[in-house]
Every structure is written in C-alpha cells, then in structure tokens.
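Trainee: Quick one, protein-v1.cif (mmCIF, C-alpha atoms):
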data_start
#
loop_
_atom_site.label_atom_id
_atom_site.label_comp_id
_atom_site.auth_asym_id
_atom_site.auth_seq_id
_atom_site.Cartn_x
_atom_site.Cartn_y
_atom_site.Cartn_z
CA MET A 1 4.51 68.24 -20.23
CA ALA A 2 0.90 68.12 -19.00
CA GLU A 3 -0.51 64.92 -20.41
CA ASP A 4 -4.11 65.84 -19.79
CA ILE A 5 -4.16 69.15 -21.70
CA PRO A 6 -4.02 68.51 -25.48
CA GLN A 7 -2.35 71.37 -27.32
CA PRO A 8 -4.20 72.77 -30.36
CA PHE A 9 -1.50 71.84 -32.87
CA PRO A 10 -1.60 71.96 -35.77
CA ASN A 11 -4.01 74.90 -35.87
CA LEU A 12 -6.96 73.52 -37.84
CA LYS A 13 -8.37 76.98 -38.51
CA LEU A 14 -5.54 77.63 -40.97
CA PRO A 15 -6.45 75.06 -43.67
CA GLN A 16 -10.03 76.33 -43.35
CA ASN A 17 -8.77 79.87 -44.02
CA TRP A 18 -6.74 78.61 -46.97
CA PHE A 19 -9.81 76.81 -48.34
CA VAL A 20 -11.72 80.09 -48.30
CA LEU A 21 -8.85 82.11 -49.74
CA SER A 22 -8.29 79.68 -52.60
CA ASN A 23 -11.96 79.66 -53.64
CA PRO A 24 -12.81 82.52 -56.02
CA LYS A 25 -16.53 82.13 -55.26
CA LEU A 26 -15.87 83.11 -51.64
CA SER A 27 -14.19 86.41 -52.50
CA ARG A 28 -16.38 88.25 -49.94
CA LEU A 29 -14.51 86.33 -47.23
CA HIS A 30 -11.00 86.61 -48.67
CA ASN A 31 -9.74 89.59 -46.68
CA ASP A 32 -10.56 88.09 -43.30
CA ALA A 33 -9.28 84.67 -44.33
CA ARG A 34 -6.00 86.11 -45.58
CA ALA A 35 -5.41 88.10 -42.39
CA ALA A 36 -6.23 85.13 -40.12
CA LEU A 37 -4.08 82.76 -42.16
CA ALA A 38 -1.06 85.07 -42.18
CA LYS A 39 -1.37 85.73 -38.45
CA GLY A 40 -1.67 82.03 -37.65
CA ILE A 41 1.39 81.17 -39.73
CA VAL A 42 3.49 83.82 -38.00
CA ASP A 43 2.21 83.04 -34.49
CA ASP A 44 3.03 79.34 -34.80
CA GLU A 45 6.27 79.88 -36.78
CA MET A 46 4.92 77.78 -39.65
CA ALA A 47 7.56 78.24 -42.32
CA PRO A 48 7.23 74.64 -43.62
CA TYR A 49 3.46 75.01 -44.00
CA LEU A 50 3.79 78.38 -45.71
CA GLN A 51 6.26 76.92 -48.19
CA SER A 52 3.89 74.04 -48.94
CA LEU A 53 1.12 76.41 -50.04
CA PRO A 54 0.77 77.62 -53.64
CA GLN A 55 2.02 81.14 -54.26
CA VAL A 56 -0.53 83.92 -53.87
CA ASN A 57 -0.29 87.55 -54.86
CA PRO A 58 0.41 89.48 -52.75
CA PRO A 59 2.34 86.95 -50.63
CA LEU A 60 0.88 85.99 -47.26
CA VAL A 61 4.06 87.15 -45.52
CA ASP A 62 7.04 89.07 -46.85
CA ALA A 63 10.46 87.54 -47.51
CA THR A 64 11.98 89.00 -44.33
CA THR A 65 9.29 87.44 -42.15
CA LEU A 66 9.71 84.09 -43.89
CA GLU A 67 13.44 84.10 -43.21
CA SER A 68 12.76 84.98 -39.59
CA LEU A 69 10.37 82.03 -39.28
CA ARG A 70 12.94 79.68 -40.80
CA ALA A 71 15.57 80.92 -38.36
CA LYS A 72 13.21 80.34 -35.43
CA ASN A 73 12.45 76.83 -36.68
CA GLU A 74 16.15 76.01 -36.99
CA SER A 75 17.02 77.45 -33.57
CA THR A 76 14.12 75.75 -31.75
CA LEU A 77 14.73 72.36 -33.37
CA LYS A 78 18.41 72.58 -32.50
CA SER A 79 17.55 73.21 -28.84
CA LEU A 80 15.03 70.35 -28.85
CA ASP A 81 17.57 67.98 -30.44
CA GLU A 82 20.14 68.92 -27.81
CA ALA A 83 17.61 68.33 -25.03
CA LEU A 84 16.78 64.94 -26.51
CA ALA A 85 20.45 63.97 -26.79
CA SER A 86 21.02 65.02 -23.18
CA ALA A 87 18.03 63.00 -21.99
CA GLN A 88 19.20 59.94 -23.91
CA SER A 89 22.68 60.13 -22.38
CA THR A 90 21.86 61.01 -18.77
CA GLU A 91 18.14 60.59 -18.04
CA GLY A 92 15.58 57.81 -17.80
CA GLU A 93 12.78 56.66 -20.10
CA SER A 94 10.30 59.21 -18.80
CA GLU A 95 12.59 62.15 -19.60
CA ILE A 96 13.42 60.70 -23.02
CA SER A 97 9.71 60.33 -23.75
CA ASP A 98 9.09 63.95 -22.72
CA ALA A 99 11.91 65.15 -24.98
CA LEU A 100 10.60 63.13 -27.93
CA ARG A 101 7.10 64.46 -27.42
CA ALA A 102 8.33 68.05 -27.13
CA ARG A 103 10.16 67.71 -30.44
CA ALA A 104 7.15 66.05 -32.10
CA THR A 105 4.85 68.76 -30.77
CA TYR A 106 6.94 71.54 -32.25
CA LEU A 107 7.13 69.85 -35.66
CA THR A 108 3.36 69.41 -35.49
CA ARG A 109 2.89 73.05 -34.51
CA ILE A 110 4.82 74.28 -37.55
CA ALA A 111 3.01 71.70 -39.76
CA ASP A 112 6.12 70.08 -41.17
CA LYS A 113 4.05 67.11 -42.28
CA GLU A 114 6.54 64.33 -42.97
CA HIS A 115 8.86 65.16 -40.09
CA ALA A 116 5.96 65.69 -37.69
CA ILE A 117 4.42 62.31 -38.50
CA GLU A 118 7.79 60.59 -38.18
CA ALA A 119 8.46 62.31 -34.83
CA GLN A 120 4.99 61.50 -33.47
CA LYS A 121 5.39 57.84 -34.43
CA LEU A 122 8.74 57.70 -32.64
CA ALA A 123 7.25 59.36 -29.57
CA LEU A 124 4.40 56.85 -29.67
CA GLU A 125 6.87 53.95 -29.62
CA LYS A 126 8.81 55.35 -26.66
CA THR A 127 5.90 56.60 -24.52
CA PRO A 128 4.69 54.11 -21.89
CA GLY A 129 1.52 55.70 -20.45
CA LEU A 130 -1.79 54.74 -22.11
CA GLY A 131 -3.27 58.24 -21.78
CA ALA A 132 -0.21 59.86 -23.32
CA ARG A 133 -0.23 57.31 -26.16
CA ILE A 134 -3.87 58.10 -26.92
CA ASP A 135 -3.03 61.82 -27.01
CA ILE A 136 -0.23 61.18 -29.51
CA VAL A 137 -2.51 59.11 -31.74
CA LEU A 138 -5.18 61.83 -31.67
CA THR A 139 -2.49 64.35 -32.62
CA LEU A 140 -1.71 62.18 -35.66
CA VAL A 141 -5.43 62.22 -36.50
CA ARG A 142 -5.36 66.03 -36.31
CA LEU A 143 -2.42 66.05 -38.70
CA GLY A 144 -4.57 63.98 -41.04
CA PHE A 145 -7.42 66.48 -40.73
CA PHE A 146 -5.03 69.40 -41.24
CA PHE A 147 -3.66 68.00 -44.50
CA SER A 148 -6.91 66.26 -45.55
CA ASP A 149 -5.02 62.95 -45.58
CA GLN A 150 -7.65 60.22 -45.34
CA ASP A 151 -5.06 57.44 -45.00
CA ILE A 152 -3.60 59.08 -41.90
CA ILE A 153 -7.07 59.75 -40.46
CA ASN A 154 -8.32 56.20 -41.03
CA THR A 155 -5.16 54.54 -39.73
CA TYR A 156 -4.94 56.48 -36.51
CA MET A 157 -8.69 56.62 -35.83
CA LYS A 158 -8.58 52.83 -35.69
CA LYS A 159 -5.48 52.99 -33.49
CA ALA A 160 -7.18 55.47 -31.14
CA GLU A 161 -10.28 53.29 -30.86
CA ALA A 162 -8.12 50.27 -30.01
CA LEU A 163 -6.22 52.18 -27.32
CA ILE A 164 -9.43 53.60 -25.84
CA ASP A 165 -10.82 50.05 -25.63
CA GLU A 166 -7.74 49.08 -23.62
CA GLY A 167 -8.79 51.45 -20.86
CA GLY A 168 -8.95 55.07 -21.98
CA ASP A 169 -10.39 57.50 -19.45
CA TRP A 170 -13.75 59.26 -19.75
CA ASP A 171 -12.34 62.51 -21.15
CA ARG A 172 -10.44 60.80 -23.95
CA ARG A 173 -13.41 58.59 -24.80
CA ASN A 174 -15.53 61.72 -25.10
CA ARG A 175 -12.97 63.51 -27.26
CA LEU A 176 -12.72 60.47 -29.54
CA LYS A 177 -16.47 60.76 -30.23
CA VAL A 178 -15.90 64.27 -31.54
CA TYR A 179 -12.97 63.17 -33.72
CA SER A 180 -15.00 60.24 -35.07
CA GLY A 181 -18.01 62.47 -35.68
CA LEU A 182 -15.98 65.01 -37.61
CA HIS A 183 -14.47 62.26 -39.75
CA LEU A 184 -17.89 60.72 -40.44
CA LEU A 185 -19.27 64.15 -41.33
CA SER A 186 -16.45 64.64 -43.82
CA ILE A 187 -17.44 61.41 -45.61
CA ARG A 188 -21.18 62.21 -45.64
CA GLN A 189 -22.26 59.89 -42.85
CA PHE A 190 -24.48 62.48 -41.21
CA GLU A 191 -26.58 60.13 -39.09
CA LYS A 192 -23.65 58.44 -37.33
CA ALA A 193 -21.83 61.75 -36.97
CA GLY A 194 -24.92 63.44 -35.54
CA GLN A 195 -25.42 60.76 -32.90
CA LEU A 196 -21.80 60.97 -31.77
CA PHE A 197 -22.02 64.76 -31.58
CA ILE A 198 -25.19 64.57 -29.46
CA ASP A 199 -23.48 62.11 -27.11
CA ALA A 200 -20.52 64.46 -26.70
CA LEU A 201 -22.54 67.69 -26.52
CA PRO A 202 -23.04 67.98 -22.73
CA THR A 203 -19.40 67.23 -21.95
CA PHE A 204 -17.51 68.64 -24.94
CA THR A 205 -13.78 69.08 -24.29
CA ALA A 206 -12.16 68.63 -27.71
CA THR A 207 -11.23 72.29 -28.11
CA GLU A 208 -7.93 71.29 -29.75
CA LEU A 209 -10.04 70.10 -32.71
CA LEU A 210 -13.00 72.51 -32.82
CA ASP A 211 -14.11 75.50 -30.84
CA TYR A 212 -17.39 75.06 -28.98
CA ASN A 213 -19.58 77.20 -31.25
CA GLU A 214 -18.28 75.39 -34.33
CA PHE A 215 -19.00 72.05 -32.69
CA VAL A 216 -22.56 73.05 -31.80
CA THR A 217 -23.07 74.35 -35.35
CA LEU A 218 -22.01 71.02 -36.86
CA THR A 219 -24.17 69.17 -34.34
CA VAL A 220 -27.24 71.16 -35.37
CA ILE A 221 -26.54 70.89 -39.10
CA ALA A 222 -26.00 67.13 -38.99
CA ASN A 223 -28.98 66.35 -36.78
CA THR A 224 -31.50 68.64 -38.46
CA LEU A 225 -31.00 66.47 -41.53
CA VAL A 226 -31.38 63.07 -39.88
CA LEU A 227 -33.62 63.40 -36.81
CA LYS A 228 -37.36 62.95 -36.87
CA ARG A 229 -39.38 65.99 -35.84
CA VAL A 230 -40.05 64.80 -32.28
CA ASP A 231 -36.38 63.95 -31.72
CA LEU A 232 -35.27 67.23 -33.27
CA LYS A 233 -37.29 69.08 -30.64
CA LYS A 234 -36.04 66.90 -27.79
CA LYS A 235 -32.35 66.61 -28.67
CA ILE A 236 -31.58 69.86 -30.49
CA ILE A 237 -34.16 72.61 -30.12
CA SER A 238 -34.66 71.98 -26.38
CA SER A 239 -30.97 71.32 -25.68
CA PRO A 240 -29.54 73.86 -23.22
CA GLU A 241 -26.11 73.53 -24.85
CA VAL A 242 -27.58 74.37 -28.26
CA ASN A 243 -29.73 77.19 -26.91
CA GLN A 244 -26.66 78.74 -25.35
CA VAL A 245 -25.07 79.14 -28.79
CA LEU A 246 -28.01 79.65 -31.19
CA PRO A 247 -28.57 83.36 -30.34
CA GLU A 248 -25.07 84.00 -31.72
CA ILE A 249 -25.91 82.22 -34.99
CA PRO A 250 -29.35 83.51 -36.10
CA THR A 251 -29.18 81.78 -39.49
CA LEU A 252 -28.84 78.41 -37.79
CA ALA A 253 -31.65 79.16 -35.32
CA ASP A 254 -34.04 80.19 -38.13
CA PHE A 255 -33.13 77.10 -40.13
CA THR A 256 -33.89 74.54 -37.42
CA GLN A 257 -36.85 76.24 -35.78
CA SER A 258 -38.63 77.10 -39.04
CA LEU A 259 -38.51 73.44 -40.09
CA TYR A 260 -39.85 72.30 -36.73
CA ASN A 261 -42.56 75.00 -36.75
CA CYS A 262 -43.60 74.09 -40.31
CA ASP A 263 -42.85 77.63 -41.50
CA TYR A 264 -41.71 76.38 -44.88
CA ALA A 265 -41.29 79.73 -46.62
CA LYS A 266 -38.94 80.87 -43.87
CA PHE A 267 -37.26 77.46 -43.96
CA PHE A 268 -36.44 77.77 -47.67
CA VAL A 269 -34.95 81.23 -47.13
CA SER A 270 -32.91 80.08 -44.14
CA LEU A 271 -31.73 76.97 -46.00
CA ALA A 272 -30.38 79.17 -48.80
CA ALA A 273 -28.73 81.43 -46.21
CA LEU A 274 -27.22 78.42 -44.42
CA GLU A 275 -25.77 77.16 -47.68
CA GLN A 276 -23.98 80.46 -48.23
CA SER A 277 -22.88 81.05 -44.63
CA HIS A 278 -22.00 77.57 -43.33
CA LEU A 279 -21.98 74.92 -46.05
CA LEU A 280 -20.12 76.31 -49.04
CA PRO A 281 -17.44 78.16 -46.98
CA SER A 282 -16.64 75.01 -44.95
CA ARG A 283 -13.92 72.70 -46.21
CA ILE A 284 -15.65 69.85 -44.32
CA LEU A 285 -19.19 70.54 -45.56
CA ALA A 286 -18.64 72.14 -48.97
CA PRO A 287 -18.29 68.79 -50.84
CA HIS A 288 -21.68 67.79 -49.44
CA ALA A 289 -23.51 71.13 -49.75
CA ARG A 290 -25.55 70.20 -52.82
CA HIS A 291 -26.48 66.83 -51.31
CA TYR A 292 -27.44 68.45 -48.01
CA VAL A 293 -29.66 71.12 -49.56
CA ARG A 294 -31.41 68.53 -51.72
CA GLU A 295 -32.06 66.21 -48.76
CA MET A 296 -33.38 69.06 -46.63
CA ARG A 297 -35.81 70.08 -49.38
CA ILE A 298 -37.02 66.48 -49.58
CA SER A 299 -37.44 66.42 -45.80
CA ALA A 300 -39.52 69.61 -45.84
CA TYR A 301 -41.73 68.42 -48.71
CA ALA A 302 -42.26 65.06 -47.01
CA GLN A 303 -43.12 66.74 -43.70
CA LEU A 304 -45.81 68.87 -45.35
CA LEU A 305 -47.25 66.05 -47.46
CA GLU A 306 -47.43 63.73 -44.47
CA SER A 307 -50.36 65.73 -43.10
CA TYR A 308 -52.52 65.58 -46.25
CA ARG A 309 -53.98 63.10 -48.71
CA SER A 310 -53.79 65.76 -51.42
CA LEU A 311 -52.66 69.34 -51.90
CA THR A 312 -52.85 71.80 -54.76
CA LEU A 313 -49.62 72.94 -56.34
CA GLN A 314 -50.76 76.47 -55.61
CA SER A 315 -51.04 75.81 -51.87
CA MET A 316 -47.59 74.18 -51.83
CA SER A 317 -46.21 77.12 -53.77
CA ASN A 318 -47.68 79.49 -51.18
CA ALA A 319 -46.40 77.41 -48.27
CA PHE A 320 -42.81 77.38 -49.53
CA GLY A 321 -42.79 80.92 -50.92
CA VAL A 322 -41.74 79.84 -54.41
CA SER A 323 -43.38 79.62 -57.82
CA ILE A 324 -45.66 76.77 -58.91
CA ASP A 325 -43.14 75.83 -61.61
CA PHE A 326 -40.38 75.54 -59.02
CA VAL A 327 -42.46 73.21 -56.82
CA ASP A 328 -43.62 71.22 -59.84
CA ASN A 329 -40.09 70.68 -61.16
CA ASP A 330 -38.69 69.93 -57.71
CA LEU A 331 -41.38 67.37 -56.91
CA GLN A 332 -41.01 65.67 -60.28
CA LYS A 333 -37.29 65.09 -59.65
CA PHE A 334 -37.85 63.65 -56.19
CA ILE A 335 -40.86 61.52 -57.22
CA SER A 336 -39.05 60.00 -60.20
CA SER A 337 -36.09 59.08 -58.01
CA GLY A 338 -38.38 57.40 -55.48
CA ARG A 339 -37.72 59.90 -52.70
CA LEU A 340 -41.29 61.17 -52.31
CA ASN A 341 -44.41 58.98 -52.19
CA CYS A 342 -46.82 61.10 -54.17
CA THR A 343 -48.08 61.79 -57.69
CA ILE A 344 -48.86 65.01 -59.55
CA ASP A 345 -52.16 65.50 -61.38
CA LYS A 346 -51.04 68.11 -63.87
CA VAL A 347 -54.55 68.60 -65.27
CA HIS A 348 -56.06 69.66 -61.96
CA GLY A 349 -52.84 70.94 -60.39
CA ILE A 350 -53.02 68.56 -57.45
CA VAL A 351 -50.38 66.60 -55.57
CA GLU A 352 -51.77 63.32 -54.22
CA THR A 353 -49.91 61.40 -51.54
CA ASN A 354 -49.32 57.71 -52.09
CA ARG A 355 -48.19 56.36 -48.76
CA PRO A 356 -46.98 52.75 -48.85
CA SER A 357 -48.99 50.40 -46.62
CA SER A 358 -47.16 49.60 -43.40
CA LYS A 359 -48.56 46.05 -43.49
CA ASN A 360 -47.26 45.55 -47.02
CA ALA A 361 -43.87 46.84 -45.94
CA GLN A 362 -43.82 44.43 -42.99
CA TYR A 363 -44.86 41.56 -45.25
CA GLU A 364 -42.07 42.32 -47.71
CA THR A 365 -39.57 42.53 -44.85
CA VAL A 366 -40.63 39.09 -43.53
CA ILE A 367 -40.39 37.55 -47.01
CA ARG A 368 -36.95 39.07 -47.59
CA GLN A 369 -35.63 37.93 -44.22
CA GLY A 370 -37.16 34.47 -44.75
CA ASP A 371 -35.32 34.12 -48.06
CA LEU A 372 -32.05 35.07 -46.39
CA LEU A 373 -32.67 32.53 -43.62
CA LEU A 374 -33.46 29.73 -46.09
CA ASN A 375 -30.30 30.49 -48.05
CA SER A 376 -28.23 30.35 -44.88
CA VAL A 377 -29.82 27.01 -43.87
CA GLN A 378 -29.11 25.55 -47.30
CA LYS A 379 -25.48 26.63 -47.16
CA LEU A 380 -25.12 25.19 -43.64
CA SER A 381 -26.67 21.86 -44.69
CA LYS A 382 -24.14 21.55 -47.51
CA VAL A 383 -21.30 22.05 -45.06
CA LEU A 384 -22.71 19.56 -42.51
CA TYR A 385 -23.82 16.87 -44.93
#
Can you present the structure in this file as structure tokens?
Mentor:
Amino acid sequence: MAEDIPQPFPNLKLPQNWFVLSNPKLSRLHNDARAALAKGIVDDEMAPYLQSLPQVNPPLVDATTLESLRAKNESTLKSLDEALASAQSTEGESEISDALRARATYLTRIADKEHAIEAQKLALEKTPGLGARIDIVLTLVRLGFFFSDQDIINTYMKKAEALIDEGGDWDRRNRLKVYSGLHLLSIRQFEKAGQLFIDALPTFTATELLDYNEFVTLTVIANTLVLKRVDLKKKIISSPEVNQVLPEIPTLADFTQSLYNCDYAKFFVSLAALEQSHLLPSRILAPHARHYVREMRISAYAQLLESYRSLTLQSMSNAFGVSIDFVDNDLQKFISSGRLNCTIDKVHGIVETNRPSSKNAQYETVIRQGDLLLNSVQKLSKVLY
C-alpha cells in the first residue's frame, strides 16, 4: 500500500449531496445531488452508508442494487479477513500492518462508521511508521467530517498535531493545515481558517479532503471577510493560484473584486448571489450564512464610511443600489450593536462618522493592561509573603 498517496475515503462529496437533497429550499439542486449521491454509493459499494440514511422516495437505489452492494461488502470483507489471518500466522509486522490498513480502508470506503473507526484504531496501534500513522489519524478526521462528528474531529485533530510535531514531513504538515482550516471554518473561526488556507494555497495537496477549486473557493470566502483591503489585494486578488480558478467561478470573482474596487452596488448583488450559490448549499458554510452576510455588509458600510466625515442617506442608497429605508434600517441595527462608528441625523438625512480617537484607544489599552499587571503583582506578593 502506497503510504504517501492518501485515498479519498470516505467520499466527502456524498454527505454534501445528501445535505442538498434533504433541504427542501434547495430543490433546484435536488436532481443533480440525487444522481451524484446514488452514483457515489454504488461506485464505492456503500451499503452501510445507504442504510444509515433516512428513506427517500423514490429510493436512491433499487432493492436489487442494494443486495448486490451487500454481497460485495460481505465478499470483500471475507477476503480481507482471510488475508489478515494469513499475515498473522505466517508474515511479519509489516505485512500484518498492511493487512489491517487494507481492511480499515475498505470499511472507511463503504462508510461503515463504527467498524471503520474500530479498524482504523487497531491499524493505528499496529502500524510502526510515523508517516503511515499520521495518514491513519487524518483518515479518522475525515470520518469525523463525513459524519459531522465533532468529538472524532477534535480528538484526532489533536492526535494529528502531536504526531506532526514528532517529525511529520512537509507534505503532511501542509495537508494538516487544510484539515485544520476546514475544521475552523466549520466552527466559524474564519480568521484562523483563512490564514491556514493562505499558507497552504501554493502547495495544496489535500485532494482526499477537498478538490482544488473547492479549496480556493473556501480560501476566498474566508479571507474576503477577514482581510484588510490592502491584504485582500496582495494575498487573494493578486494570487496566481486564485486567479487560475476565479474565471471558472464568476460569482466569486465579482464578489471579491467589487468589494476591493468599492463598487458597492455590484458587491451587494454578488453577495446575494454568493449566498445562494455557495453559502446556503454548503453543509460547512450554511450554518454561518446569515452571520457571514451580515458581517460582509458591515465591512462594506465601514469601508465606504471610512473615507468621509459625513454622507447623505441618499448617496449611500445610490452607492449600494438599495432604497434609503433599507440603508437606514441596516445602519441602525449595526450602530446600536456597536459595529459601526457613526450616527444618523434623521432630520437632515445625513450619516456622520464618529471615529474613536486612536490616542484614547491607546490610553485605555495601557490602563487596562496596567490594571492586569497590578493584579498579578498583588497575587504574587501574597504567595511570596
């Protein structure tokens, strides 16, 4: 078994297809999702996974196909068990490890969750090579992603980081950044995820987890939210890796470039399109879609207001291509929650910026840090004296 070529099992496109298929609001995507899901299940002989899914009408595969998949699972596992027994009776540790990993890989491929996890853990115990052990742990992380099992993800992400620190090679270190970034993205830590994705962008190899276009898409989405305008140009818009993919994803290109170019009307349209095409249909991003759209609107408002001491509501309405009432209501929400430093003069229809003094901010920071230092000194003196 080639240790340096991770196999794309379980197929992480399938739970994404199921997410789409099970969401009535994404009915426009159901036909493609159903076809891709059914094909993936048959191709990878995934009878256990099929049986774990709720019933749909019509069924994803017919009864005859299901029985055929079960028969293939039984036959293949029997052969793998025989190979393992033979290795245990006549071969050395290396051959036993290979047999254990082959069995674990097949159970992972068919997404038999409990048996796959148990088999991967056993293979991990019996495998001596550090690189191979890291690959097994990352496979367990993929099982966690496949079944959206945060306990599995958290446990084996920590294990992978520990093994990498012991001496993992460059390729596995790079792949771990992508795994960590995807996990952070799933728990709404966009800034940390975005930085890891940028680090991995020039040397991406984690195709067992994401295809390249999907990875670049997530990199752009995460970093457009968190990067300052200068960094957005340098790290995303001018990135050759990003520019290679953006022509294939015009919605994403319009979204990022319109924000950078201060074309706010186009930005609002592209943000709405991005929500429908990439946020809501994604099982990773959908839980954060509302948060993301809100934060991007705040970012656009703040970017425009940064250039002016005051603006009329009418001019903001024109800039964003929406009604005055929409801008007024939006700004009121973000001002009251402390997200925008401005006030609205309703009588004259003017938005006045209210930038906090940088010196005042520095002064408050010094005072706050001084209080923390004094508290620490007092605690230390009690211990010493």
Trainee: Produce a table with one row for each residue of stretch 279-325 of chain A that has an atom at most 6 Å from any atom of stretch 259-266 of chain A, each row naming the nearest atom pair and its distance in Å at one decimal; use all atoms listed in the file; arrange rows by chain and rising residue number; format as JSON lines.
Mentor:
{"residue": "A:Ala319", "atom": "CA", "partner": "A:Ala265", "partner_atom": "CA", "distance": 5.8}
{"residue": "A:Phe320", "atom": "CA", "partner": "A:Ala265", "partner_atom": "CA", "distance": 4.0}
{"residue": "A:Gly321", "atom": "CA", "partner": "A:Ala265", "partner_atom": "CA", "distance": 4.7}
Trainee: I need the output of the PyMOL selection byres ((chain A and resi 299) around 10) for this file as a PDB file with C-alpha atoms, keeping the file's coordinate frame; which residues are they?
Mentor:
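In the end it all went to selection09.pdb:
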ATOM      1  CA  THR A 224     -31.500  68.640 -38.460  1.00  0.00           C
ATOM      2  CA  LEU A 225     -31.000  66.470 -41.530  1.00  0.00           C
ATOM      3  CA  VAL A 226     -31.380  63.070 -39.880  1.00  0.00           C
ATOM      4  CA  LYS A 228     -37.360  62.950 -36.870  1.00  0.00           C
ATOM      5  CA  LEU A 259     -38.510  73.440 -40.090  1.00  0.00           C
ATOM      6  CA  VAL A 293     -29.660  71.120 -49.560  1.00  0.00           C
ATOM      7  CA  ARG A 294     -31.410  68.530 -51.720  1.00  0.00           C
ATOM      8  CA  GLU A 295     -32.060  66.210 -48.760  1.00  0.00           C
ATOM      9  CA  MET A 296     -33.380  69.060 -46.630  1.00  0.00           C
ATOM     10  CA  ARG A 297     -35.810  70.080 -49.380  1.00  0.00           C
ATOM     11  CA  ILE A 298     -37.020  66.480 -49.580  1.00  0.00           C
ATOM     12  CA  ALA A 300     -39.520  69.610 -45.840  1.00  0.00           C
ATOM     13  CA  TYR A 301     -41.730  68.420 -48.710  1.00  0.00           C
ATOM     14  CA  ALA A 302     -42.260  65.060 -47.010  1.00  0.00           C
ATOM     15  CA  GLN A 303     -43.120  66.740 -43.700  1.00  0.00           C
ATOM     16  CA  LEU A 304     -45.810  68.870 -45.350  1.00  0.00           C
ATOM     17  CA  LEU A 305     -47.250  66.050 -47.460  1.00  0.00           C
ATOM     18  CA  ARG A 339     -37.720  59.900 -52.700  1.00  0.00           C
ATOM     19  CA  LEU A 340     -41.290  61.170 -52.310  1.00  0.00           C
TER      20      LEU A 340
END
Trainee: For A:Val141, which residue among A:Gly40, A:Pro202, A:Pro287, A:Pro10 is the nearest when counting only C-alpha atoms?
Mentor: A:Pro10
Trainee: Go ahead and compute the interatomic distance for atom CA of A:Leu29 and atom CA of A:His278, in Å to one decimal.
Mentor: 12.2 Å
Trainee: Which one is closest to A:Glu118: A:Leu196, A:Asp98, A:Leu140, A:Glu306? Count all atoms listed in the file.
Mentor: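 Among the listed residues, the smallest separation from A:Glu118 belongs to A:Leu140.
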Trainee: Pick out the residues sitting within 8 Å of A:Ser282, and hand them over as JSON, numbers by chain; count all atoms listed in the file, and ignore anything fewer than 3 positions along from it in its own chain.
Mentor: {"A": [16, 19, 20, 278, 279, 285, 286]}
Trainee: As a compact mmCIF listing (two decimals), keeping the file's coordinate frame, could you write out stretch 371-377 of chain A once it has been completed with all heavy atoms?
Mentor:
# COMPACT_ATOMS: atom_id res chain seq x y z
N ASP A 371 -36.19 34.59 -46.97
CA ASP A 371 -35.32 34.12 -48.06
C ASP A 371 -33.88 34.04 -47.61
O ASP A 371 -33.16 33.09 -47.93
CB ASP A 371 -35.45 35.06 -49.27
CG ASP A 371 -36.77 34.89 -50.01
OD1 ASP A 371 -37.40 33.82 -49.82
OD2 ASP A 371 -37.15 35.79 -50.76
N LEU A 372 -33.42 35.07 -46.88
CA LEU A 372 -32.05 35.07 -46.39
C LEU A 372 -31.81 33.90 -45.43
O LEU A 372 -30.77 33.25 -45.48
CB LEU A 372 -31.74 36.40 -45.69
CG LEU A 372 -31.69 37.65 -46.57
CD1 LEU A 372 -31.56 38.90 -45.71
CD2 LEU A 372 -30.53 37.56 -47.55
N LEU A 373 -32.80 33.63 -44.57
CA LEU A 373 -32.67 32.53 -43.62
C LEU A 373 -32.60 31.18 -44.34
O LEU A 373 -31.78 30.32 -44.01
CB LEU A 373 -33.84 32.55 -42.64
CG LEU A 373 -33.88 31.43 -41.59
CD1 LEU A 373 -32.62 31.47 -40.73
CD2 LEU A 373 -35.12 31.55 -40.71
N LEU A 374 -33.47 30.98 -45.33
CA LEU A 374 -33.46 29.73 -46.09
C LEU A 374 -32.14 29.52 -46.81
O LEU A 374 -31.58 28.42 -46.85
CB LEU A 374 -34.62 29.72 -47.10
CG LEU A 374 -36.02 29.51 -46.51
CD1 LEU A 374 -37.08 29.67 -47.59
CD2 LEU A 374 -36.13 28.12 -45.89
N ASN A 375 -31.60 30.60 -47.38
CA ASN A 375 -30.30 30.49 -48.05
C ASN A 375 -29.21 30.10 -47.08
O ASN A 375 -28.34 29.28 -47.40
CB ASN A 375 -29.94 31.83 -48.73
CG ASN A 375 -30.80 32.12 -49.93
OD1 ASN A 375 -31.35 31.19 -50.55
ND2 ASN A 375 -30.94 33.40 -50.28
N SER A 376 -29.23 30.68 -45.89
CA SER A 376 -28.23 30.35 -44.88
C SER A 376 -28.35 28.90 -44.44
O SER A 376 -27.34 28.21 -44.26
CB SER A 376 -28.38 31.27 -43.66
OG SER A 376 -28.20 32.62 -44.01
N VAL A 377 -29.60 28.40 -44.26
CA VAL A 377 -29.82 27.01 -43.87
C VAL A 377 -29.31 26.06 -44.94
O VAL A 377 -28.68 25.03 -44.66
CB VAL A 377 -31.31 26.77 -43.57
CG1 VAL A 377 -31.59 25.27 -43.39
CG2 VAL A 377 -31.74 27.54 -42.33
